[in-house]
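Engineer: To be precise about what I am sending: the file is called target-v1.cif and holds mmCIF, C-alpha atoms.
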data_run
loop_
_atom_site.label_atom_id
_atom_site.label_comp_id
_atom_site.auth_asym_id
_atom_site.auth_seq_id
_atom_site.Cartn_x
_atom_site.Cartn_y
_atom_site.Cartn_z
CA MET A 21 -138.63 65.30 -111.40
CA LYS A 22 -136.22 64.60 -108.53
CA LYS A 23 -139.17 63.61 -106.37
CA ILE A 24 -140.40 61.15 -108.99
CA ILE A 25 -136.95 59.56 -109.35
CA LEU A 26 -136.49 59.33 -105.55
CA SER A 27 -139.89 57.75 -105.08
CA LEU A 28 -139.15 55.24 -107.87
CA VAL A 29 -135.82 54.39 -106.19
CA PHE A 30 -137.64 54.00 -102.85
CA VAL A 31 -140.23 51.66 -104.36
CA PHE A 32 -137.50 49.63 -106.09
CA ALA A 33 -135.37 49.45 -102.92
CA THR A 34 -138.38 48.39 -100.83
CA GLY A 35 -139.05 45.60 -103.30
CA ILE A 36 -135.46 44.33 -102.91
CA VAL A 37 -135.72 44.43 -99.10
CA VAL A 38 -139.05 42.53 -99.15
CA ASN A 39 -137.64 39.93 -101.56
CA ALA A 40 -134.48 39.61 -99.47
CA ASP A 41 -136.63 39.05 -96.37
CA SER A 42 -138.68 36.37 -98.08
CA LYS A 43 -135.44 34.65 -99.17
CA VAL A 44 -134.23 34.65 -95.56
CA GLU A 45 -137.53 33.17 -94.47
CA LYS A 46 -137.28 30.43 -97.07
CA THR A 47 -133.71 29.61 -95.98
CA ASN A 48 -134.85 29.45 -92.37
CA GLN A 49 -137.63 27.10 -93.34
CA ILE A 50 -135.11 24.65 -94.85
CA VAL A 51 -132.97 24.65 -91.70
CA SER A 52 -135.98 24.23 -89.48
CA ILE A 53 -136.84 20.72 -90.82
CA ASN A 54 -137.31 18.72 -87.63
CA PRO A 55 -134.20 16.54 -87.10
CA GLU A 56 -136.21 14.48 -84.63
CA ASP A 57 -138.60 13.39 -87.40
CA GLU A 58 -135.80 12.77 -89.87
CA CYS A 59 -133.77 10.63 -87.44
CA SER A 60 -136.86 8.90 -86.10
CA ASP A 61 -137.78 7.89 -89.65
CA LEU A 62 -134.29 6.46 -90.07
CA TYR A 63 -134.72 4.50 -86.81
CA PHE A 64 -137.81 2.75 -88.19
CA ALA A 65 -136.27 2.19 -91.64
CA VAL A 66 -133.13 0.58 -90.17
CA ARG A 67 -135.12 -1.51 -87.69
CA ASP A 68 -137.44 -2.86 -90.41
CA PHE A 69 -134.57 -3.53 -92.81
CA ILE A 70 -132.56 -5.48 -90.19
CA LEU A 71 -135.65 -7.49 -89.20
CA SER A 72 -136.33 -8.31 -92.86
CA GLN A 73 -132.79 -9.74 -93.07
CA GLY A 74 -133.66 -12.27 -90.34
CA PHE A 75 -131.94 -10.73 -87.33
CA SER A 76 -133.43 -10.71 -83.85
CA MET A 77 -135.50 -7.80 -82.56
CA ASN A 78 -132.66 -7.05 -80.11
CA THR A 79 -130.10 -6.64 -82.91
CA ALA A 80 -132.56 -4.62 -85.00
CA ILE A 81 -133.37 -2.24 -82.14
CA MET A 82 -129.72 -1.78 -81.18
CA ALA A 83 -128.69 -1.03 -84.78
CA ALA A 84 -131.65 1.33 -85.17
CA ILE A 85 -130.80 3.22 -81.96
CA LYS A 86 -127.20 3.55 -83.15
CA ALA A 87 -128.33 4.82 -86.57
CA GLU A 88 -130.62 7.38 -84.95
CA GLU A 89 -127.80 8.54 -82.68
CA GLU A 90 -125.46 8.90 -85.69
CA CYS A 91 -128.17 10.85 -87.54
CA PHE A 92 -128.43 13.35 -84.64
CA ASN A 93 -124.63 13.63 -84.44
CA GLU A 94 -124.43 14.43 -88.15
CA ILE A 95 -127.08 17.16 -87.87
CA ILE A 96 -125.33 18.67 -84.84
CA GLU A 97 -122.03 18.67 -86.77
CA ILE A 98 -123.69 20.44 -89.73
CA ILE A 99 -125.22 23.10 -87.43
CA GLU A 100 -121.88 23.64 -85.65
CA MET B 20 -98.52 -61.94 -65.78
CA LYS B 21 -96.13 -59.06 -66.40
CA ALA B 22 -97.40 -58.78 -69.98
CA ILE B 23 -101.06 -58.61 -68.80
CA ASN B 24 -100.15 -55.87 -66.30
CA ALA B 25 -98.38 -53.90 -69.00
CA LEU B 26 -101.40 -54.24 -71.32
CA LEU B 27 -103.76 -53.10 -68.54
CA ILE B 28 -101.62 -50.05 -67.88
CA LEU B 29 -101.59 -49.23 -71.58
CA LEU B 30 -105.38 -49.47 -71.82
CA VAL B 31 -106.19 -47.57 -68.65
CA THR B 32 -103.66 -44.74 -68.98
CA PRO B 33 -105.67 -42.72 -71.59
CA PHE B 34 -108.71 -42.67 -69.26
CA PHE B 35 -106.60 -41.20 -66.47
CA MET B 36 -105.12 -38.71 -68.92
CA TYR B 37 -108.56 -37.42 -69.95
CA SER B 38 -109.91 -37.44 -66.40
CA GLN B 39 -107.12 -35.04 -65.42
CA SER B 40 -108.09 -31.43 -65.07
CA GLN B 41 -107.66 -29.76 -68.40
CA SER B 42 -108.45 -26.33 -69.63
CA GLY B 43 -107.61 -24.04 -72.47
CA LYS B 44 -108.00 -20.78 -74.24
CA VAL B 45 -108.77 -20.06 -77.89
CA ILE B 46 -108.59 -16.73 -79.70
CA TYR B 47 -111.08 -16.36 -82.53
CA GLU B 48 -110.98 -13.80 -85.30
CA TYR B 49 -113.58 -13.26 -87.98
CA GLN B 50 -113.77 -12.74 -91.70
CA ILE B 51 -116.56 -11.70 -94.07
CA ASN B 52 -116.75 -14.23 -96.89
CA ASP B 53 -118.97 -12.17 -99.15
CA ALA B 54 -118.23 -8.68 -100.48
CA THR B 55 -120.99 -7.33 -98.24
CA TYR B 56 -122.52 -8.47 -94.99
CA LEU B 57 -126.00 -6.95 -95.35
CA LYS B 58 -127.51 -7.10 -98.81
CA GLU B 59 -127.94 -3.60 -100.18
CA GLN B 60 -130.86 -4.34 -102.51
CA ARG B 61 -134.18 -2.48 -102.52
CA ILE B 62 -132.94 0.35 -100.30
CA ASN B 63 -131.90 2.89 -102.92
CA LYS B 64 -135.20 4.74 -102.56
CA ASN B 65 -134.15 5.72 -99.03
CA PRO B 66 -130.70 7.37 -99.26
CA LYS B 67 -130.29 7.64 -95.48
CA LEU B 68 -131.01 3.91 -95.02
CA ALA B 69 -128.69 3.05 -97.92
CA LYS B 70 -125.94 5.12 -96.29
CA THR B 71 -126.47 3.40 -92.90
CA VAL B 72 -126.36 -0.09 -94.45
CA GLN B 73 -123.16 0.85 -96.26
CA THR B 74 -121.71 2.14 -92.96
CA ILE B 75 -122.60 -1.17 -91.26
CA ASN B 76 -120.91 -3.17 -94.05
CA ASN B 77 -117.82 -0.94 -93.93
CA SER B 78 -117.77 -1.19 -90.15
CA LEU B 79 -117.69 -5.01 -90.28
CA ARG B 80 -115.02 -5.00 -92.98
CA ASN B 81 -112.81 -2.46 -91.21
CA ALA B 82 -113.08 -4.11 -87.78
CA GLN B 83 -111.81 -7.49 -89.07
CA SER B 84 -108.28 -6.74 -87.94
CA LYS B 85 -109.31 -5.06 -84.68
CA ILE B 86 -111.92 -7.27 -83.05
CA LYS B 87 -110.97 -10.62 -81.50
CA PHE B 88 -112.85 -13.02 -79.26
CA GLU B 89 -111.68 -15.23 -76.44
CA LEU B 90 -113.00 -18.63 -75.39
CA GLU B 91 -111.83 -19.96 -72.03
CA PHE B 92 -112.86 -23.42 -70.92
CA ASN B 93 -112.28 -26.28 -68.54
CA ASN B 94 -113.83 -29.76 -68.43
CA ASN B 95 -117.14 -28.39 -67.25
CA ALA B 96 -117.68 -24.84 -68.46
CA SER B 97 -116.79 -22.23 -71.05
CA ARG B 98 -116.92 -18.47 -71.32
CA TYR B 99 -116.78 -16.56 -74.62
CA SER B 100 -116.49 -12.80 -74.98
CA MET B 101 -115.00 -10.06 -77.13
CA GLN B 102 -111.53 -8.94 -76.10
CA PRO B 103 -111.43 -5.33 -74.97
CA VAL B 104 -110.13 -3.06 -77.74
CA LEU B 105 -108.90 0.40 -76.80
CA GLU B 106 -109.18 1.63 -80.39
CA LEU B 107 -112.95 1.20 -80.26
CA GLU B 108 -113.36 4.00 -77.74
CA GLY B 109 -114.39 7.07 -79.66
CA ASP B 110 -114.68 5.14 -82.93
CA ARG B 111 -118.33 5.75 -83.70
CA THR B 112 -118.88 3.42 -86.62
CA THR B 113 -117.11 0.33 -85.17
CA ALA B 114 -120.01 0.14 -82.74
CA TYR B 115 -122.08 -1.34 -85.59
CA ALA B 116 -119.60 -4.22 -85.94
CA VAL B 117 -119.85 -4.87 -82.20
CA ILE B 118 -123.65 -5.07 -82.45
CA PHE B 119 -123.67 -7.49 -85.40
CA LEU B 120 -120.87 -9.67 -83.97
CA ASN B 121 -122.67 -9.82 -80.61
CA GLY B 122 -119.61 -8.26 -79.02
CA ASN B 123 -121.87 -6.85 -76.33
CA ARG B 124 -122.58 -10.39 -75.12
CA VAL B 125 -120.80 -12.83 -72.81
CA TYR B 126 -121.67 -16.49 -73.40
CA TYR B 127 -121.33 -18.97 -70.55
CA SER B 128 -122.06 -22.71 -70.75
CA SER B 129 -121.96 -25.31 -68.00
CA ILE B 130 -122.23 -29.01 -68.79
CA ARG B 131 -122.65 -30.04 -65.16
CA ASP B 132 -125.61 -27.70 -64.62
CA ASN B 133 -126.98 -28.14 -68.17
CA LEU B 134 -127.09 -24.36 -68.26
CA LYS B 135 -126.44 -21.56 -70.70
CA LEU B 136 -126.19 -17.92 -69.62
CA THR B 137 -125.89 -15.02 -72.04
CA GLN B 138 -125.11 -11.63 -70.58
CA VAL B 139 -126.30 -8.81 -72.84
CA ASP B 140 -125.29 -5.19 -72.47
CA MET B 141 -128.04 -3.05 -74.00
CA PHE B 142 -126.52 0.44 -73.94
CA GLY B 143 -125.67 0.14 -70.25
CA ASP B 144 -128.61 -2.02 -69.13
CA ASN B 145 -127.42 -5.56 -68.43
CA PHE B 146 -129.50 -8.70 -68.72
CA ILE B 147 -128.56 -12.35 -68.23
CA ILE B 148 -130.60 -14.70 -70.40
CA LYS B 149 -130.89 -18.06 -68.69
CA GLU B 150 -131.71 -21.18 -70.69
CA LYS B 151 -131.08 -24.92 -70.72
CA GLY B 152 -127.75 -26.19 -72.05
CA ASN B 153 -126.98 -27.28 -75.56
CA SER B 154 -130.06 -27.20 -77.79
CA PHE B 155 -128.35 -27.47 -81.18
CA LYS B 156 -129.35 -30.33 -83.44
CA TRP B 157 -126.08 -30.99 -85.24
CA LYS B 158 -125.68 -33.15 -88.29
CA THR B 159 -122.12 -34.43 -88.24
CA THR B 160 -120.38 -35.50 -91.44
CA THR B 161 -117.19 -37.34 -92.38
CA ILE B 162 -115.93 -34.33 -94.35
CA THR B 163 -112.64 -33.18 -92.87
CA LYS B 164 -110.15 -30.37 -93.17
CA LYS B 165 -106.97 -29.46 -91.34
CA ILE B 166 -107.02 -26.41 -89.11
CA GLY B 167 -103.52 -25.90 -87.75
CA ASN B 168 -102.39 -29.32 -86.53
CA TYR B 169 -105.91 -30.55 -85.94
CA THR B 170 -108.14 -32.63 -88.20
CA CYS B 171 -111.59 -31.08 -88.02
CA TYR B 172 -114.94 -32.58 -88.97
CA LYS B 173 -117.79 -30.66 -90.53
CA ALA B 174 -121.13 -30.43 -88.73
CA THR B 175 -124.18 -28.37 -89.67
CA ALA B 176 -127.24 -27.15 -87.80
CA VAL B 177 -130.22 -25.01 -88.71
CA ILE B 178 -130.83 -22.04 -86.43
CA SER B 179 -134.28 -20.53 -86.46
CA THR B 180 -134.99 -16.87 -85.68
CA THR B 181 -138.53 -15.59 -85.34
CA ASN B 182 -139.26 -11.88 -85.51
CA SER B 183 -142.16 -9.65 -86.54
CA LYS B 184 -141.27 -10.16 -90.23
CA GLY B 185 -141.49 -13.96 -90.08
CA VAL B 186 -139.46 -17.09 -89.36
CA PHE B 187 -135.91 -17.18 -90.73
CA ASN B 188 -133.83 -20.35 -90.90
CA LYS B 189 -130.11 -20.13 -91.39
CA GLU B 190 -127.59 -22.92 -91.66
CA VAL B 191 -124.58 -22.80 -89.40
CA THR B 192 -121.47 -24.85 -90.15
CA ALA B 193 -119.03 -25.86 -87.44
CA TRP B 194 -115.62 -27.50 -87.85
CA PHE B 195 -114.77 -29.38 -84.67
CA ALA B 196 -111.60 -31.15 -83.57
CA PRO B 197 -112.14 -34.50 -81.79
CA GLN B 198 -108.45 -34.29 -80.76
CA ILE B 199 -109.47 -31.50 -78.38
CA PRO B 200 -112.21 -33.25 -76.37
CA PHE B 201 -114.17 -30.23 -75.12
CA ASN B 202 -117.78 -29.60 -76.18
CA PHE B 203 -117.53 -25.84 -76.60
CA GLY B 204 -117.14 -23.21 -79.30
CA PRO B 205 -117.62 -19.55 -80.18
CA LYS B 206 -120.84 -17.59 -79.54
CA GLY B 207 -122.31 -20.21 -77.23
CA TYR B 208 -122.25 -22.92 -79.92
CA GLY B 209 -121.23 -26.34 -78.65
CA GLY B 210 -122.39 -29.86 -77.94
CA LEU B 211 -120.11 -31.48 -80.50
CA PRO B 212 -117.56 -34.21 -79.66
CA GLY B 213 -114.66 -31.78 -79.95
CA LEU B 214 -113.83 -28.10 -79.71
CA ILE B 215 -115.20 -25.94 -82.54
CA LEU B 216 -112.22 -24.29 -84.25
CA GLU B 217 -114.18 -22.68 -87.04
CA LEU B 218 -117.76 -21.50 -87.39
CA GLU B 219 -119.55 -20.26 -90.49
CA GLU B 220 -122.65 -18.21 -89.75
CA GLY B 221 -124.07 -16.66 -92.91
CA THR B 222 -121.35 -14.61 -94.56
CA LEU B 223 -119.31 -14.50 -91.35
CA ARG B 224 -116.57 -16.99 -90.58
CA TYR B 225 -115.12 -17.18 -87.08
CA TYR B 226 -111.79 -19.00 -87.00
CA ALA B 227 -109.36 -19.96 -84.24
CA SER B 228 -106.12 -18.02 -84.63
CA ASN B 229 -104.53 -19.29 -81.42
CA VAL B 230 -105.21 -22.47 -79.42
CA VAL B 231 -103.63 -23.16 -76.03
CA ILE B 232 -104.46 -26.39 -74.16
CA LYS B 233 -103.28 -26.61 -70.57
CA SER B 234 -103.22 -30.22 -69.43
CA LYS B 235 -102.37 -29.62 -65.78
CA GLU B 236 -104.01 -26.30 -65.05
CA ASN B 237 -107.70 -25.99 -64.28
CA LEU B 238 -108.96 -22.54 -65.26
CA ASP B 239 -111.70 -21.14 -63.09
CA ILE B 240 -114.56 -20.27 -65.46
CA LYS B 241 -116.85 -17.77 -63.80
CA ALA B 242 -120.49 -17.35 -64.74
CA PRO B 243 -121.59 -13.79 -65.53
CA THR B 244 -123.36 -12.14 -62.61
CA ASN B 245 -123.83 -8.56 -63.75
CA GLY B 246 -127.41 -8.17 -64.89
CA LYS B 247 -131.05 -8.97 -64.37
CA ILE B 248 -131.73 -12.69 -64.90
CA VAL B 249 -134.44 -13.29 -67.48
CA SER B 250 -135.70 -16.19 -69.60
CA VAL B 251 -135.48 -16.17 -73.40
CA ASP B 252 -139.19 -15.30 -73.60
CA GLU B 253 -138.84 -12.50 -71.06
CA PHE B 254 -135.92 -11.02 -72.97
CA ASP B 255 -137.93 -11.14 -76.20
CA GLN B 256 -140.76 -9.38 -74.38
CA ILE B 257 -138.37 -6.64 -73.13
CA ASN B 258 -137.31 -6.00 -76.73
CA GLN B 259 -140.90 -6.13 -77.93
CA ASN B 260 -141.90 -3.56 -75.29
CA LEU B 261 -139.05 -1.28 -76.38
CA ASN B 262 -140.33 -1.59 -79.93
CA ASN B 263 -143.93 -0.88 -78.90
CA ASN B 264 -142.87 2.20 -76.92
CA ARG B 265 -141.23 3.62 -80.03
CA LYS B 266 -144.40 2.99 -82.01
CA LYS B 267 -146.41 4.95 -79.43
CA GLN B 268 -143.98 7.88 -79.57
CA LYS B 269 -144.33 8.04 -83.35
#
Can you dump the structure from the file as C-alpha cells?
Structural biologist:
Amino acid sequence: MKKIILSLVFVFATGIVVNADSKVEKTNQIVSINPEDECSDLYFAVRDFILSQGFSMNTAIMAAIKAEEECFNEIIEIIE
Amino acid sequence: MKAINALLILLVTPFFMYSQSQSGKVIYEYQINDATYLKEQRINKNPKLAKTVQTINNSLRNAQSKIKFELEFNNNASRYSMQPVLELEGDRTTAYAVIFLNGNRVYYSSIRDNLKLTQVDMFGDNFIIKEKGNSFKWKTTTITKKIGNYTCYKATAVISTTNSKGVFNKEVTAWFAPQIPFNFGPKGYGGLPGLILELEEGTLRYYASNVVIKSKENLDIKAPTNGKIVSVDEFDQINQNLNNNRKKQK
C-alpha cells in the first residue's frame, strides 16, 4: 500500500516539476522577444509618421533614431 | 544760402546715419500656439508610436522656458543659433524639441556674397549646406502690430517641402520692423525690408524677447566652418542614403 501511495506521490510531484519547467520556458520566451526588432519597428513607424506630417527626411530620420535609442534605453532599464 | 545749407544737412544726415556700421543682437523664444505640435490622429493602433508622439509634444511644451535662440547681425551678415543650455545635458526627452526646433543647426546669411550656409549637426557628423541667398517669395501686407516699441508689418510666404510622402506647402508669417533696417530673421528667414521680430511657422511662434541695436559697434559675424560643405541636393541625397541603408538592414 505504501509503495502505491509513494509511487502516486512521485507521479504527482513529477507532473508539478514538468509543469513548473514549462512555465519557466514560457516566461523565458516572453523576455526573449527581440528588442532590436521592436525598436527597429518603432524607428520606421516614427520616420513614416514624421514624413507624413510634411517634415524633411533629415528631421524624420533624426527623430526616428532618437525614438529607437529611447526604446533601447527603456528595455535596458526594464532588464536592469 | 545758410538756409539751403541747413536743408542739405538735414536731408543728407539720415543717409550718413544708416551708412554707419551698425549691428545688433536679438534673443528669440518660442511658443506652441496649438495644444499639440504633432497631430496625434490615426496612431492609436500603434501604442509605441503614440507614446513617442506624445513624448515629442511634451518635449516641445516643456522646453518652451528653457530653449532660446540668438540672432547676431551687422549690415552684411547674420548668424542664428540655439543658445547653449546646460539643463539639456542628460535630459533625454528635450532632445526631441531640439530636433524639431532645428536647434542642431546654425544659420548664416551674407548679403554681400548672396550666400546662405546652414551648419547641421547630425549626431556628431557636421555638414554645411551651401545655397544662394534669400529665396523667399514674400507677400507683404499693410497689416501692422506693435512688438515692443516697434511697428511691425505682416508678410507671408509659402514654403514647400518635398519628401517621399509627397509635396507639402506650409504658410509662414513674418512680422518685420522697418524701423530696424536689417534684412534678417530667425531660422535663416530674411529678405524683408526690416528685421523679423516674430515668425509663425505652423503651430510654432518664434518671438523676439530682447532686441539690442548697436549703432557704433560692428559685430564680426563669422560663417560656420565646422563641417563638410554640401549642396541642398547633396544633403538630401545623404539623408536618402541613410534611409535606404536602414531599408536594407530590415
Engineer: At a cut-off of 7 Å, which residues of chain A touch chain B? Count only C-alpha atoms and give the answer as a list in words.
Structural biologist: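 Therefore, the residues near the partner are Leu62, Ala65, Val66, Leu71, Ser72, Gly74, Ser76, Met77, Asn78, Thr79, Ala83 and Ala87 of chain A.
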Engineer: Could you write those residues out with C-alpha atoms, as a PDB file, in the frame of the given file?
Structural biologist:
ATOM      1  CA  LEU A  62    -134.290   6.460 -90.070  1.00  0.00           C
ATOM      2  CA  ALA A  65    -136.270   2.190 -91.640  1.00  0.00           C
ATOM      3  CA  VAL A  66    -133.130   0.580 -90.170  1.00  0.00           C
ATOM      4  CA  LEU A  71    -135.650  -7.490 -89.200  1.00  0.00           C
ATOM      5  CA  SER A  72    -136.330  -8.310 -92.860  1.00  0.00           C
ATOM      6  CA  GLY A  74    -133.660 -12.270 -90.340  1.00  0.00           C
ATOM      7  CA  SER A  76    -133.430 -10.710 -83.850  1.00  0.00           C
ATOM      8  CA  MET A  77    -135.500  -7.800 -82.560  1.00  0.00           C
ATOM      9  CA  ASN A  78    -132.660  -7.050 -80.110  1.00  0.00           C
ATOM     10  CA  THR A  79    -130.100  -6.640 -82.910  1.00  0.00           C
ATOM     11  CA  ALA A  83    -128.690  -1.030 -84.780  1.00  0.00           C
ATOM     12  CA  ALA A  87    -128.330   4.820 -86.570  1.00  0.00           C
TER      13      ALA A  87
END
Engineer: When the PyMOL selection byres ((chain B and resi 165) around 12) is applied to the structure above, which residues does it catch, written out as a list in words?
Structural biologist: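 What the PyMOL selection byres ((chain B and resi 165) around 12) grabs from the file is Ile162, Thr163, Lys164, Ile166, Gly167, Asn168, Tyr169, Thr170, Cys171, Tyr172, Lys173, Trp194, Phe195, Ala196, Pro197, Gln198, Leu216 and Glu217 of chain B.
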Engineer: Counting all atoms listed in the file, which of B:Ala242, B:Ile248, B:Val125, B:Ile86 gets nearest to Pro205 in chain B?
Structural biologist: B:Val125
Engineer: Just the residues within 10 Å of range 249-251 of chain B, please, counting all atoms listed in the file, with nothing from its chain fewer than 3 positions along; format it as a PDB file with C-alpha atoms, in the coordinates of the input.
Structural biologist:
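Result written to selection04.pdb:
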ATOM      1  CA  LEU B 136    -126.190 -17.920 -69.620  1.00  0.00           C
ATOM      2  CA  THR B 137    -125.890 -15.020 -72.040  1.00  0.00           C
ATOM      3  CA  GLN B 138    -125.110 -11.630 -70.580  1.00  0.00           C
ATOM      4  CA  PHE B 146    -129.500  -8.700 -68.720  1.00  0.00           C
ATOM      5  CA  ILE B 147    -128.560 -12.350 -68.230  1.00  0.00           C
ATOM      6  CA  ILE B 148    -130.600 -14.700 -70.400  1.00  0.00           C
ATOM      7  CA  LYS B 149    -130.890 -18.060 -68.690  1.00  0.00           C
ATOM      8  CA  GLU B 150    -131.710 -21.180 -70.690  1.00  0.00           C
ATOM      9  CA  LYS B 151    -131.080 -24.920 -70.720  1.00  0.00           C
ATOM     10  CA  GLY B 246    -127.410  -8.170 -64.890  1.00  0.00           C
ATOM     11  CA  PHE B 254    -135.920 -11.020 -72.970  1.00  0.00           C
ATOM     12  CA  ASP B 255    -137.930 -11.140 -76.200  1.00  0.00           C
ATOM     13  CA  GLN B 256    -140.760  -9.380 -74.380  1.00  0.00           C
ATOM     14  CA  ILE B 257    -138.370  -6.640 -73.130  1.00  0.00           C
TER      15      ILE B 257
END
Engineer: Within 6 Å of Arg224 in chain B, counting all atoms listed in the file, which residues qualify if same-chain residues fewer than 4 places away don't, as a PyMOL selection string?
Structural biologist: chain B and resi 49-50+218-219
Engineer: Any chance you can output those residues with C-alpha atoms as a PDB file, keeping the file's coordinate frame?
Structural biologist:
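Printed below is again_1.pdb as written:
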ATOM      1  CA  TYR B  49    -113.580 -13.260 -87.980  1.00  0.00           C
ATOM      2  CA  GLN B  50    -113.770 -12.740 -91.700  1.00  0.00           C
ATOM      3  CA  LEU B 218    -117.760 -21.500 -87.390  1.00  0.00           C
ATOM      4  CA  GLU B 219    -119.550 -20.260 -90.490  1.00  0.00           C
TER       5      GLU B 219
END
Engineer: One number please: CA of Gly221 in chain B to CA of Leu90 in chain B, in Å, one decimal.
Structural biologist: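 Distance reported for this atom pair: 20.8 Å.
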Engineer: Missing atoms in range 227-234 of chain B: fill them in up to all heavy atoms and send the result as a short mmCIF file (atom, residue, chain, number, x, y, z; two decimals), in the frame of the given file.
Structural biologist:
data_model
loop_
_atom_site.label_atom_id
_atom_site.label_comp_id
_atom_site.auth_asym_id
_atom_site.auth_seq_id
_atom_site.Cartn_x
_atom_site.Cartn_y
_atom_site.Cartn_z
N ALA B 227 -110.31 -19.98 -85.35
CA ALA B 227 -109.36 -19.96 -84.24
C ALA B 227 -108.00 -19.53 -84.77
O ALA B 227 -107.47 -20.13 -85.70
CB ALA B 227 -109.27 -21.35 -83.62
N SER B 228 -107.45 -18.48 -84.19
CA SER B 228 -106.12 -18.02 -84.63
C SER B 228 -105.05 -18.42 -83.62
O SER B 228 -103.86 -18.34 -83.91
CB SER B 228 -106.12 -16.51 -84.84
OG SER B 228 -106.47 -15.84 -83.66
N ASN B 229 -105.48 -18.86 -82.45
CA ASN B 229 -104.53 -19.29 -81.42
C ASN B 229 -105.22 -20.29 -80.47
O ASN B 229 -106.30 -19.99 -79.97
CB ASN B 229 -104.05 -18.06 -80.64
CG ASN B 229 -102.87 -18.37 -79.76
OD1 ASN B 229 -102.80 -19.41 -79.12
ND2 ASN B 229 -101.91 -17.46 -79.71
N VAL B 230 -104.62 -21.45 -80.30
CA VAL B 230 -105.21 -22.47 -79.42
C VAL B 230 -104.17 -22.88 -78.37
O VAL B 230 -103.06 -23.26 -78.72
CB VAL B 230 -105.62 -23.74 -80.22
CG1 VAL B 230 -106.26 -24.78 -79.31
CG2 VAL B 230 -106.56 -23.38 -81.37
N VAL B 231 -104.53 -22.75 -77.11
CA VAL B 231 -103.63 -23.16 -76.03
C VAL B 231 -104.37 -24.16 -75.13
O VAL B 231 -105.44 -23.84 -74.59
CB VAL B 231 -103.18 -21.95 -75.17
CG1 VAL B 231 -102.28 -22.39 -74.02
CG2 VAL B 231 -102.47 -20.92 -76.02
N ILE B 232 -103.85 -25.38 -75.03
CA ILE B 232 -104.46 -26.39 -74.16
C ILE B 232 -103.52 -26.60 -72.97
O ILE B 232 -102.33 -26.85 -73.15
CB ILE B 232 -104.66 -27.74 -74.90
CG1 ILE B 232 -105.46 -27.55 -76.19
CG2 ILE B 232 -105.33 -28.78 -73.99
CD1 ILE B 232 -106.88 -27.08 -76.04
N LYS B 233 -104.09 -26.44 -71.77
CA LYS B 233 -103.28 -26.61 -70.57
C LYS B 233 -103.71 -27.91 -69.90
O LYS B 233 -104.84 -28.02 -69.41
CB LYS B 233 -103.50 -25.43 -69.62
CG LYS B 233 -103.00 -24.11 -70.21
CD LYS B 233 -103.47 -22.93 -69.41
CE LYS B 233 -102.95 -21.65 -70.06
NZ LYS B 233 -103.45 -20.45 -69.41
N SER B 234 -102.81 -28.90 -69.91
CA SER B 234 -103.22 -30.22 -69.43
C SER B 234 -103.21 -30.33 -67.91
O SER B 234 -103.89 -31.17 -67.34
CB SER B 234 -102.32 -31.29 -70.03
OG SER B 234 -100.98 -31.00 -69.73
#
